[in-house]
Every structure is written in structure tokens, then in C-alpha cells.
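Containing CSV, C-alpha atoms: my_file_4.csv.
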```csv
chain,number,residue,atom,x,y,z
A,1,ALA,CA,116.8,173.3,110.5
A,2,GLN,CA,114.2,171.3,112.3
A,3,SER,CA,110.7,171.7,110.9
A,4,VAL,CA,107.2,170.2,111.3
A,5,SER,CA,104.7,169.8,108.5
A,6,GLN,CA,101.0,169.4,108.8
A,7,HIS,CA,99.6,168.7,105.4
A,8,ASN,CA,95.9,169.2,106.2
A,9,HIS,CA,95.2,172.9,106.7
A,10,HIS,CA,91.5,172.6,107.0
A,11,VAL,CA,89.4,169.4,107.5
A,12,ILE,CA,85.6,169.3,107.4
A,13,LEU,CA,83.9,166.2,108.7
A,14,SER,CA,80.5,165.0,109.7
A,15,GLU,CA,80.0,163.6,113.2
A,16,ALA,CA,81.0,159.9,113.5
A,17,ALA,CA,83.4,160.1,110.7
A,18,SER,CA,87.0,159.0,111.2
A,19,LEU,CA,89.8,161.4,111.5
A,20,GLU,CA,93.5,161.3,110.6
A,21,LEU,CA,95.7,164.3,110.6
A,22,GLY,CA,99.1,164.1,109.2
A,23,CYS,CA,102.3,165.3,110.9
A,24,ASN,CA,105.8,164.9,109.6
A,25,TYR,CA,109.0,166.3,111.0
A,26,SER,CA,112.6,166.7,109.9
A,27,TYR,CA,115.2,165.7,112.4
A,28,GLY,CA,117.4,162.6,112.4
A,29,GLY,CA,117.9,162.1,116.1
A,30,THR,CA,115.8,161.3,119.1
A,31,VAL,CA,112.6,163.3,119.2
A,32,ASN,CA,109.7,164.0,121.6
A,33,LEU,CA,106.4,164.4,119.8
A,34,PHE,CA,103.3,166.2,120.9
A,35,TRP,CA,99.8,166.9,119.7
A,36,TYR,CA,98.1,170.0,121.1
A,37,VAL,CA,94.5,171.1,120.7
A,38,GLN,CA,93.2,174.7,120.8
A,39,TYR,CA,89.4,175.0,121.2
A,40,PRO,CA,87.8,178.2,120.1
A,41,GLY,CA,88.7,180.9,122.5
A,42,GLN,CA,90.8,178.6,124.7
A,43,HIS,CA,94.4,178.0,125.4
A,44,LEU,CA,96.5,175.1,124.0
A,45,GLN,CA,95.9,171.8,125.7
A,46,LEU,CA,98.0,168.7,125.4
A,47,LEU,CA,96.2,165.8,123.7
A,48,LEU,CA,99.0,163.3,123.8
A,49,LYS,CA,102.7,162.9,123.7
A,50,TYR,CA,105.4,160.4,122.8
A,51,PHE,CA,108.8,160.2,124.5
A,52,SER,CA,109.7,156.5,124.0
A,53,GLY,CA,108.3,153.0,124.2
A,54,ASP,CA,105.1,151.9,122.5
A,55,PRO,CA,104.8,153.9,119.2
A,56,LEU,CA,101.0,153.9,119.5
A,57,VAL,CA,100.1,156.5,122.0
A,58,LYS,CA,96.7,157.0,123.4
A,59,GLY,CA,95.6,160.4,124.6
A,60,ILE,CA,92.6,162.2,126.0
A,61,LYS,CA,89.1,162.3,124.4
A,62,GLY,CA,89.6,159.1,122.4
A,63,PHE,CA,92.6,160.4,120.3
A,64,GLU,CA,95.6,158.4,119.5
A,65,ALA,CA,98.7,158.9,117.5
A,66,GLU,CA,101.3,156.5,115.9
A,67,PHE,CA,105.0,157.3,115.7
A,68,ILE,CA,106.5,155.8,112.6
A,69,LYS,CA,110.2,156.5,112.9
A,70,SER,CA,111.0,155.4,109.3
A,71,LYS,CA,108.5,157.9,107.9
A,72,PHE,CA,109.3,160.7,110.4
A,73,SER,CA,105.6,160.8,111.1
A,74,PHE,CA,103.3,161.2,114.0
A,75,ASN,CA,99.8,161.1,112.7
A,76,LEU,CA,96.8,161.8,114.9
A,77,ARG,CA,93.7,159.6,114.7
A,78,LYS,CA,90.2,159.4,116.1
A,79,PRO,CA,87.8,156.7,115.0
A,80,SER,CA,84.6,158.7,115.4
A,81,VAL,CA,84.7,162.5,115.8
A,82,GLN,CA,82.2,164.6,117.6
A,83,TRP,CA,81.0,168.2,117.1
A,84,SER,CA,82.9,169.1,120.2
A,85,ASP,CA,86.2,168.1,118.5
A,86,THR,CA,85.9,171.3,116.4
A,87,ALA,CA,89.2,173.0,117.1
A,88,GLU,CA,92.7,173.8,115.8
A,89,TYR,CA,95.2,170.9,116.2
A,90,PHE,CA,98.9,171.5,116.4
A,91,CYS,CA,101.7,168.9,116.1
A,92,ALA,CA,104.9,169.8,117.8
A,93,VAL,CA,108.4,168.3,118.2
A,94,ASN,CA,111.3,168.9,120.4
A,95,ALA,CA,114.6,167.4,119.4
A,96,GLY,CA,117.5,167.5,121.7
A,97,THR,CA,116.6,170.9,123.2
A,98,ASP,CA,113.8,172.2,125.3
A,99,LYS,CA,112.3,174.2,122.5
A,100,LEU,CA,109.1,173.1,120.8
A,101,ILE,CA,108.8,173.4,117.0
A,102,PHE,CA,105.2,173.7,116.0
A,103,GLY,CA,103.5,172.7,112.8
A,104,THR,CA,101.2,175.2,111.0
A,105,GLY,CA,98.1,173.7,112.5
A,106,THR,CA,95.0,172.0,111.1
A,107,ARG,CA,91.6,173.5,111.6
A,108,LEU,CA,89.0,170.8,112.1
A,109,GLN,CA,85.3,171.5,111.7
A,110,VAL,CA,82.8,168.8,112.6
A,111,PHE,CA,79.2,169.2,111.6
A,112,PRO,CA,76.3,167.5,113.3
B,1,GLY,CA,97.5,170.9,138.3
B,2,ALA,CA,100.0,172.6,135.9
B,3,VAL,CA,98.1,175.8,135.4
B,4,VAL,CA,99.7,178.8,133.7
B,5,SER,CA,98.0,182.2,133.8
B,6,GLN,CA,98.7,185.3,131.8
B,7,HIS,CA,97.8,188.9,132.6
B,8,PRO,CA,96.3,190.8,131.0
B,9,SER,CA,94.2,188.7,128.6
B,10,TRP,CA,93.9,191.6,126.2
B,11,VAL,CA,95.4,195.1,126.0
B,12,ILE,CA,95.0,198.0,123.6
B,13,CYS,CA,97.7,200.7,123.6
B,14,LYS,CA,98.9,203.6,121.6
B,15,SER,CA,101.9,203.4,119.3
B,16,GLY,CA,105.1,204.2,121.1
B,17,THR,CA,104.1,203.0,124.5
B,18,SER,CA,105.4,200.0,126.3
B,19,VAL,CA,103.3,197.0,127.4
B,20,LYS,CA,104.1,194.4,130.0
B,21,ILE,CA,102.6,190.9,130.0
B,22,GLU,CA,102.9,188.6,132.9
B,23,CYS,CA,103.1,184.8,132.9
B,24,ARG,CA,102.7,182.9,136.1
B,25,SER,CA,102.8,179.2,136.9
B,26,LEU,CA,100.2,178.8,139.6
B,27,ASP,CA,100.9,175.4,141.0
B,28,PHE,CA,104.4,174.4,140.0
B,29,GLN,CA,107.8,175.9,139.8
B,30,ALA,CA,108.9,176.6,136.2
B,31,THR,CA,112.6,176.3,135.6
B,32,THR,CA,112.0,177.4,132.0
B,33,MET,CA,109.4,179.6,130.4
B,34,PHE,CA,108.8,180.3,126.8
B,35,TRP,CA,107.2,183.1,124.9
B,36,TYR,CA,105.4,182.6,121.6
B,37,ARG,CA,103.7,184.8,119.1
B,38,GLN,CA,100.7,183.6,117.1
B,39,PHE,CA,99.4,185.5,114.1
B,40,PRO,CA,95.8,184.9,112.9
B,41,LYS,CA,95.3,181.5,111.5
B,42,GLN,CA,99.0,180.7,111.9
B,43,SER,CA,101.1,178.6,114.1
B,44,LEU,CA,103.0,179.5,117.2
B,45,MET,CA,106.4,181.0,116.6
B,46,LEU,CA,108.8,180.8,119.5
B,47,MET,CA,110.2,184.2,120.4
B,48,ALA,CA,112.5,183.4,123.3
B,49,THR,CA,113.3,180.9,126.1
B,50,SER,CA,113.9,182.2,129.6
B,51,ASN,CA,115.4,180.3,132.5
B,52,GLU,CA,115.0,181.6,136.0
B,53,GLY,CA,117.8,184.0,137.0
B,54,SER,CA,119.5,184.1,133.7
B,55,LYS,CA,119.2,186.1,130.5
B,56,ALA,CA,116.6,185.0,127.9
B,57,THR,CA,117.7,183.2,124.7
B,58,TYR,CA,116.0,184.9,121.7
B,59,GLU,CA,115.2,183.2,118.5
B,60,GLN,CA,116.7,184.5,115.3
B,61,GLY,CA,115.0,187.6,114.0
B,62,VAL,CA,113.5,188.6,117.4
B,63,GLU,CA,114.7,191.9,118.7
B,64,LYS,CA,115.8,191.5,122.2
B,65,ASP,CA,115.8,195.2,122.9
B,66,LYS,CA,112.2,195.4,121.8
B,67,PHE,CA,110.9,192.4,123.5
B,68,LEU,CA,112.3,192.4,127.0
B,69,ILE,CA,112.0,189.2,129.0
B,70,ASN,CA,112.5,188.9,132.7
B,71,HIS,CA,112.3,185.6,134.6
B,72,ALA,CA,112.9,186.8,138.1
B,73,SER,CA,111.3,183.9,140.0
B,74,LEU,CA,110.4,180.3,139.4
B,75,THR,CA,106.7,181.2,139.0
B,76,LEU,CA,106.9,184.5,137.1
B,77,SER,CA,108.1,185.7,133.7
B,78,THR,CA,107.3,189.0,132.1
B,79,LEU,CA,107.4,190.1,128.5
B,80,THR,CA,107.6,193.8,127.9
B,81,VAL,CA,107.0,195.1,124.4
B,82,THR,CA,108.8,198.4,124.3
B,83,SER,CA,107.8,201.3,122.0
B,84,ALA,CA,105.1,199.2,120.5
B,85,HIS,CA,104.0,199.7,116.9
B,86,PRO,CA,100.9,198.4,115.0
B,87,GLU,CA,103.0,195.6,113.5
B,88,ASP,CA,103.5,194.3,117.1
B,89,SER,CA,99.8,193.6,117.3
B,90,SER,CA,99.5,189.9,117.8
B,91,PHE,CA,98.5,187.1,120.2
B,92,TYR,CA,101.3,186.4,122.7
B,93,ILE,CA,101.3,183.1,124.5
B,94,CYS,CA,103.6,181.9,127.3
B,95,SER,CA,104.3,178.4,128.4
B,96,ALA,CA,106.1,177.0,131.4
B,97,SER,CA,108.0,173.8,131.9
B,98,PRO,CA,108.7,172.3,135.3
B,99,LEU,CA,111.7,170.3,134.0
B,100,ARG,CA,114.0,170.7,131.0
B,101,TYR,CA,113.0,168.6,128.0
B,102,ASN,CA,109.6,167.8,129.6
B,103,GLU,CA,106.3,169.1,128.3
B,104,GLN,CA,105.2,172.6,128.3
B,105,PHE,CA,102.0,174.0,129.9
B,106,PHE,CA,100.5,176.9,128.1
B,107,GLY,CA,98.9,180.1,129.3
B,108,PRO,CA,95.6,181.4,127.8
B,109,GLY,CA,97.4,184.1,125.8
B,110,THR,CA,97.3,187.9,125.6
B,111,ARG,CA,95.8,189.8,122.7
B,112,LEU,CA,97.9,193.0,122.0
B,113,THR,CA,96.4,195.6,119.8
B,114,VAL,CA,98.6,198.7,119.1
B,115,LEU,CA,96.8,201.6,117.6
```
Output the file's structure as C-alpha cells, nothing else.
Amino acid sequence: AQSVSQHNHHVILSEAASLELGCNYSYGGTVNLFWYVQYPGQHLQLLLKYFSGDPLVKGIKGFEAEFIKSKFSFNLRKPSVQWSDTAEYFCAVNAGTDKLIFGTGTRLQVFP
Amino acid sequence: GAVVSQHPSWVICKSGTSVKIECRSLDFQATTMFWYRQFPKQSLMLMATSNEGSKATYEQGVEKDKFLINHASLTLSTLTVTSAHPEDSSFYICSASPLRYNEQFFGPGTRLTVL
């Protein structure tokens, strides 16, 4: 069965620190990859997505992610986080269907 | 653009009653809508996929007679939790997709509490 793993469940950083959140998936075929963010009390918003082409994808708010096919990974990065980045981050995959499989999420807390 | 609304945003009901949650795509036509359930501090679990004018496809372990889904138009899907019990208390989120295999746009969610 398809699955998505997010290894970091809770990350605590100071402002200006660099961020990398891991995401690995299990599926051997063509995949579409997504990172969503859920700010406190708000709904899920799309940060970035990868369908094909350049494996380094840039999203909103300075986030980027790199698709490494050989590692089945799609890690999210930001060089310098802000307090306003405090949120829950979800990696998601759809593989051959229109269903999204979500990872368990990573809670990011950024302190000033 | 691509706004999805849900109504109500929260509901409290007595055990044994039924609750209907609406999901609307406000500025696009959604060929497919999805219903998820999110437990506290956990991920979203897909409950079912609905396509306009056809029966919903439920994920394994989801009782279709308990969670009735209707997708009567390209902008509206409803989830009815029938004979709700306290274990049905959860956060229910819908999403809508304008094209198959394209991205999904999420609603703000509905907090259901069954007493």
C-alpha cells in the first residue's frame, strides 16, 4: 500500500534558523507530490507541488522542496524561518489516482 | 480563486442524532470532492471520494451507511453522519478538485462534537 512518512514529528527552531523537513513515500511509479501547511486555526493551504520537470520546486513564502526519485523523498526546506512559519506541515502524495495520501504531519514551532 | 467553504464550522449534537455537513466550491466547478477526518494531532485520513452525479467511493473501514455522501452538483457535496455517537467526534475536512489528478483545495473544516 502507498504510504507517506514524515520523520520529524515536532521541530522547534529559533527565528533565522534553517529548516528541513523530511518526507519519504512508498510507490514505485509516477507520483505527484505536495506540501501543505496548516496555520493554527486555519485550513490547509498548498505550499508547493511537484508534477514533473525541475525536481527543485519553489513555493510560497520562501519554501522550496527537492524531489529525489532515487530516494523516494520530497524534503521541504527554508533557509531562514520566521515566527509566522509556526504551523503544522503535511507532505502528501498521489500516485496514479486522484486520492491524496498524507503523512502524519510535522509541527513546527519557531521562537523569536 | 479556488475557495472551498464548509458549513457549519462547528456543531454539537446529542448521541443518536444525524448531522449534515456541507462543502461548497465557491468559484470553480468541482468534478471530484473528498472527505477527510482528522483526529487531534494526527494526519488527515481520507474517508471517501465523490464524483458529481455518482456514488461515493469509500475507503476501507469507513461505514458507508453511517457516513452518507451526496454530490448532487458540481459545487456542493454533503456528508451526513447518521446516528452519531461520541466516537464520531472529530474534525471533518472536505476538499475539491476541479480536474481529476490535479491539486485539491481544502475547506476550513467542521468540528463535530457528539455528547
Atomic separation - CA of Asp54 in chain A relative to CA of Asp98 in chain A, Å: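 Atom-to-atom, CA of Asp98 in chain A to CA of Asp54 in chain A, that is 22.3 Å.
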Spatial neighbours of Lys41 in chain B, 9 Å, all atoms listed in the file, chain gap at least 6 places, as JSON, numbers by chain: {"A": [104, 105, 107]}
Selection: 6 Å around Ser50 in chain B, all atoms listed in the file, excl. self and same-chain fewer than 2 positions, as a JSON list (two decimals) with C-alpha atoms, in the coordinates of the input:
```json
[["chain", "number", "residue", "atom", "x", "y", "z"],
["B", 32, "THR", "CA", 112.00, 177.40, 132.00],
["B", 33, "MET", "CA", 109.40, 179.60, 130.40],
["B", 56, "ALA", "CA", 116.60, 185.00, 127.90]]
```
Within 10 Å of file point (110.3, 160.0, 108.3), counting all atoms listed in the file, expressed as a list in words: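 Output: Cys23, Asn24, Tyr25, Ser26, Tyr27, Gly28, Phe67, Ile68, Lys69, Ser70, Lys71, Phe72, Ser73 and Phe74 of chain A.
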Distance filter 9 Å, all atoms listed in the file, chain B against chain A, as a list in words: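 The contacting residues on chain B are Thr32, Phe34, Lys41, Gln42, Ser43, Leu44, Met45, Leu46, Thr49, Ile93, Ser97, Arg100, Tyr101, Asn102, Glu103, Gln104, Phe105, Phe106, Gly107, Pro108 and Gly109 of chain B.
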Straight-line distance linking CA of Gly53 in chain B with CA of Thr78 in chain B, stated in Å to one decimal: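 Pair CA of Gly53 in chain B / CA of Thr78 in chain B returns 12.6 Å.
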Interatomic distance, CA of Ile21 in chain B to CA of Val93 in chain A (Å, one decimal):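 Going from CA of Ile21 in chain B over to CA of Val93 in chain A, I get 26.1 Å.
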Protein/DNA/RNA residues near (84.4, 171.4, 120.1), cut 10 Å, only C-alpha atoms, as a PyMOL selection string: chain A and resi 38-40+81-88+108-110
Might you pull out every residue within 10 Å of Cys13 in chain B, with all atoms listed in the file counted and same-chain residues fewer than 4 positions away left off, and present them as a CSV table (one decimal) with C-alpha atoms, in the coordinates of the input?
```csv
chain,number,residue,atom,x,y,z
B,17,THR,CA,104.1,203.0,124.5
B,18,SER,CA,105.4,200.0,126.3
B,19,VAL,CA,103.3,197.0,127.4
B,84,ALA,CA,105.1,199.2,120.5
B,85,HIS,CA,104.0,199.7,116.9
B,86,PRO,CA,100.9,198.4,115.0
B,89,SER,CA,99.8,193.6,117.3
B,112,LEU,CA,97.9,193.0,122.0
B,113,THR,CA,96.4,195.6,119.8
B,114,VAL,CA,98.6,198.7,119.1
B,115,LEU,CA,96.8,201.6,117.6
```
Among listed residues B:Thr110, B:Val81, B:Met47, B:Trp35, nearest Ser9 in chain B (using all atoms listed in the file):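 Distance minimum relative to Ser9 in chain B lands on B:Thr110.
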Would you mind writing range 68-88 of chain A with N, CA, C and O atoms, as a PDB file, keeping the file's coordinate frame?
```
ATOM      1  N   ILE A  68     105.860 156.688 113.574  1.00  0.00           N
ATOM      2  CA  ILE A  68     106.500 155.800 112.600  1.00  0.00           C
ATOM      3  C   ILE A  68     107.879 156.444 112.323  1.00  0.00           C
ATOM      4  O   ILE A  68     107.976 157.404 111.530  1.00  0.00           O
ATOM      5  N   LYS A  69     108.909 155.894 112.944  1.00  0.00           N
ATOM      6  CA  LYS A  69     110.200 156.500 112.900  1.00  0.00           C
ATOM      7  C   LYS A  69     110.748 156.545 111.431  1.00  0.00           C
ATOM      8  O   LYS A  69     111.340 157.534 110.999  1.00  0.00           O
ATOM      9  N   SER A  70     110.508 155.470 110.677  1.00  0.00           N
ATOM     10  CA  SER A  70     111.000 155.400 109.300  1.00  0.00           C
ATOM     11  C   SER A  70     110.402 156.419 108.393  1.00  0.00           C
ATOM     12  O   SER A  70     110.978 156.793 107.378  1.00  0.00           O
ATOM     13  N   LYS A  71     109.227 156.873 108.748  1.00  0.00           N
ATOM     14  CA  LYS A  71     108.500 157.900 107.900  1.00  0.00           C
ATOM     15  C   LYS A  71     108.577 159.264 108.550  1.00  0.00           C
ATOM     16  O   LYS A  71     107.995 160.204 108.011  1.00  0.00           O
ATOM     17  N   PHE A  72     109.250 159.395 109.688  1.00  0.00           N
ATOM     18  CA  PHE A  72     109.300 160.700 110.400  1.00  0.00           C
ATOM     19  C   PHE A  72     107.909 161.248 110.574  1.00  0.00           C
ATOM     20  O   PHE A  72     107.669 162.437 110.359  1.00  0.00           O
ATOM     21  N   SER A  73     106.984 160.375 110.961  1.00  0.00           N
ATOM     22  CA  SER A  73     105.600 160.800 111.100  1.00  0.00           C
ATOM     23  C   SER A  73     105.019 160.554 112.434  1.00  0.00           C
ATOM     24  O   SER A  73     105.472 159.646 113.162  1.00  0.00           O
ATOM     25  N   PHE A  74     104.006 161.326 112.769  1.00  0.00           N
ATOM     26  CA  PHE A  74     103.300 161.200 114.000  1.00  0.00           C
ATOM     27  C   PHE A  74     101.867 161.621 113.787  1.00  0.00           C
ATOM     28  O   PHE A  74     101.432 162.682 114.209  1.00  0.00           O
ATOM     29  N   ASN A  75     101.117 160.778 113.092  1.00  0.00           N
ATOM     30  CA  ASN A  75      99.800 161.100 112.700  1.00  0.00           C
ATOM     31  C   ASN A  75      98.761 160.948 113.822  1.00  0.00           C
ATOM     32  O   ASN A  75      98.825 159.984 114.584  1.00  0.00           O
ATOM     33  N   LEU A  76      97.828 161.856 113.879  1.00  0.00           N
ATOM     34  CA  LEU A  76      96.800 161.800 114.900  1.00  0.00           C
ATOM     35  C   LEU A  76      95.534 161.176 114.333  1.00  0.00           C
ATOM     36  O   LEU A  76      95.151 161.469 113.191  1.00  0.00           O
ATOM     37  N   ARG A  77      94.880 160.346 115.149  1.00  0.00           N
ATOM     38  CA  ARG A  77      93.700 159.600 114.700  1.00  0.00           C
ATOM     39  C   ARG A  77      92.603 159.654 115.734  1.00  0.00           C
ATOM     40  O   ARG A  77      92.877 159.728 116.944  1.00  0.00           O
ATOM     41  N   LYS A  78      91.369 159.588 115.243  1.00  0.00           N
ATOM     42  CA  LYS A  78      90.200 159.400 116.100  1.00  0.00           C
ATOM     43  C   LYS A  78      89.191 158.619 115.303  1.00  0.00           C
ATOM     44  O   LYS A  78      88.861 159.059 114.195  1.00  0.00           O
ATOM     45  N   PRO A  79      88.687 157.493 115.781  1.00  0.00           N
ATOM     46  CA  PRO A  79      87.800 156.700 115.000  1.00  0.00           C
ATOM     47  C   PRO A  79      86.451 157.327 114.670  1.00  0.00           C
ATOM     48  O   PRO A  79      85.864 157.079 113.616  1.00  0.00           O
ATOM     49  N   SER A  80      85.972 158.166 115.585  1.00  0.00           N
ATOM     50  CA  SER A  80      84.600 158.700 115.400  1.00  0.00           C
ATOM     51  C   SER A  80      84.617 160.125 116.054  1.00  0.00           C
ATOM     52  O   SER A  80      84.611 160.250 117.281  1.00  0.00           O
ATOM     53  N   VAL A  81      84.606 161.151 115.217  1.00  0.00           N
ATOM     54  CA  VAL A  81      84.700 162.500 115.800  1.00  0.00           C
ATOM     55  C   VAL A  81      83.329 163.000 116.235  1.00  0.00           C
ATOM     56  O   VAL A  81      82.275 162.519 115.782  1.00  0.00           O
ATOM     57  N   GLN A  82      83.379 163.983 117.118  1.00  0.00           N
ATOM     58  CA  GLN A  82      82.200 164.600 117.600  1.00  0.00           C
ATOM     59  C   GLN A  82      82.204 166.098 117.309  1.00  0.00           C
ATOM     60  O   GLN A  82      83.283 166.671 117.057  1.00  0.00           O
ATOM     61  N   TRP A  83      81.055 166.729 117.387  1.00  0.00           N
ATOM     62  CA  TRP A  83      81.000 168.200 117.100  1.00  0.00           C
ATOM     63  C   TRP A  83      81.927 168.933 118.036  1.00  0.00           C
ATOM     64  O   TRP A  83      82.561 169.901 117.633  1.00  0.00           O
ATOM     65  N   SER A  84      82.068 168.429 119.263  1.00  0.00           N
ATOM     66  CA  SER A  84      82.900 169.100 120.200  1.00  0.00           C
ATOM     67  C   SER A  84      84.410 168.995 119.934  1.00  0.00           C
ATOM     68  O   SER A  84      85.228 169.616 120.604  1.00  0.00           O
ATOM     69  N   ASP A  85      84.754 168.218 118.918  1.00  0.00           N
ATOM     70  CA  ASP A  85      86.200 168.100 118.500  1.00  0.00           C
ATOM     71  C   ASP A  85      86.565 169.277 117.585  1.00  0.00           C
ATOM     72  O   ASP A  85      87.746 169.386 117.200  1.00  0.00           O
ATOM     73  N   THR A  86      85.620 170.105 117.209  1.00  0.00           N
ATOM     74  CA  THR A  86      85.900 171.300 116.400  1.00  0.00           C
ATOM     75  C   THR A  86      86.959 172.134 117.098  1.00  0.00           C
ATOM     76  O   THR A  86      86.724 172.603 118.211  1.00  0.00           O
ATOM     77  N   ALA A  87      88.108 172.324 116.448  1.00  0.00           N
ATOM     78  CA  ALA A  87      89.200 173.000 117.100  1.00  0.00           C
ATOM     79  C   ALA A  87      90.385 173.117 116.116  1.00  0.00           C
ATOM     80  O   ALA A  87      90.313 172.636 114.989  1.00  0.00           O
ATOM     81  N   GLU A  88      91.450 173.741 116.596  1.00  0.00           N
ATOM     82  CA  GLU A  88      92.700 173.800 115.800  1.00  0.00           C
ATOM     83  C   GLU A  88      93.653 172.777 116.485  1.00  0.00           C
ATOM     84  O   GLU A  88      93.775 172.726 117.709  1.00  0.00           O
TER      85      GLU A  88
END
```
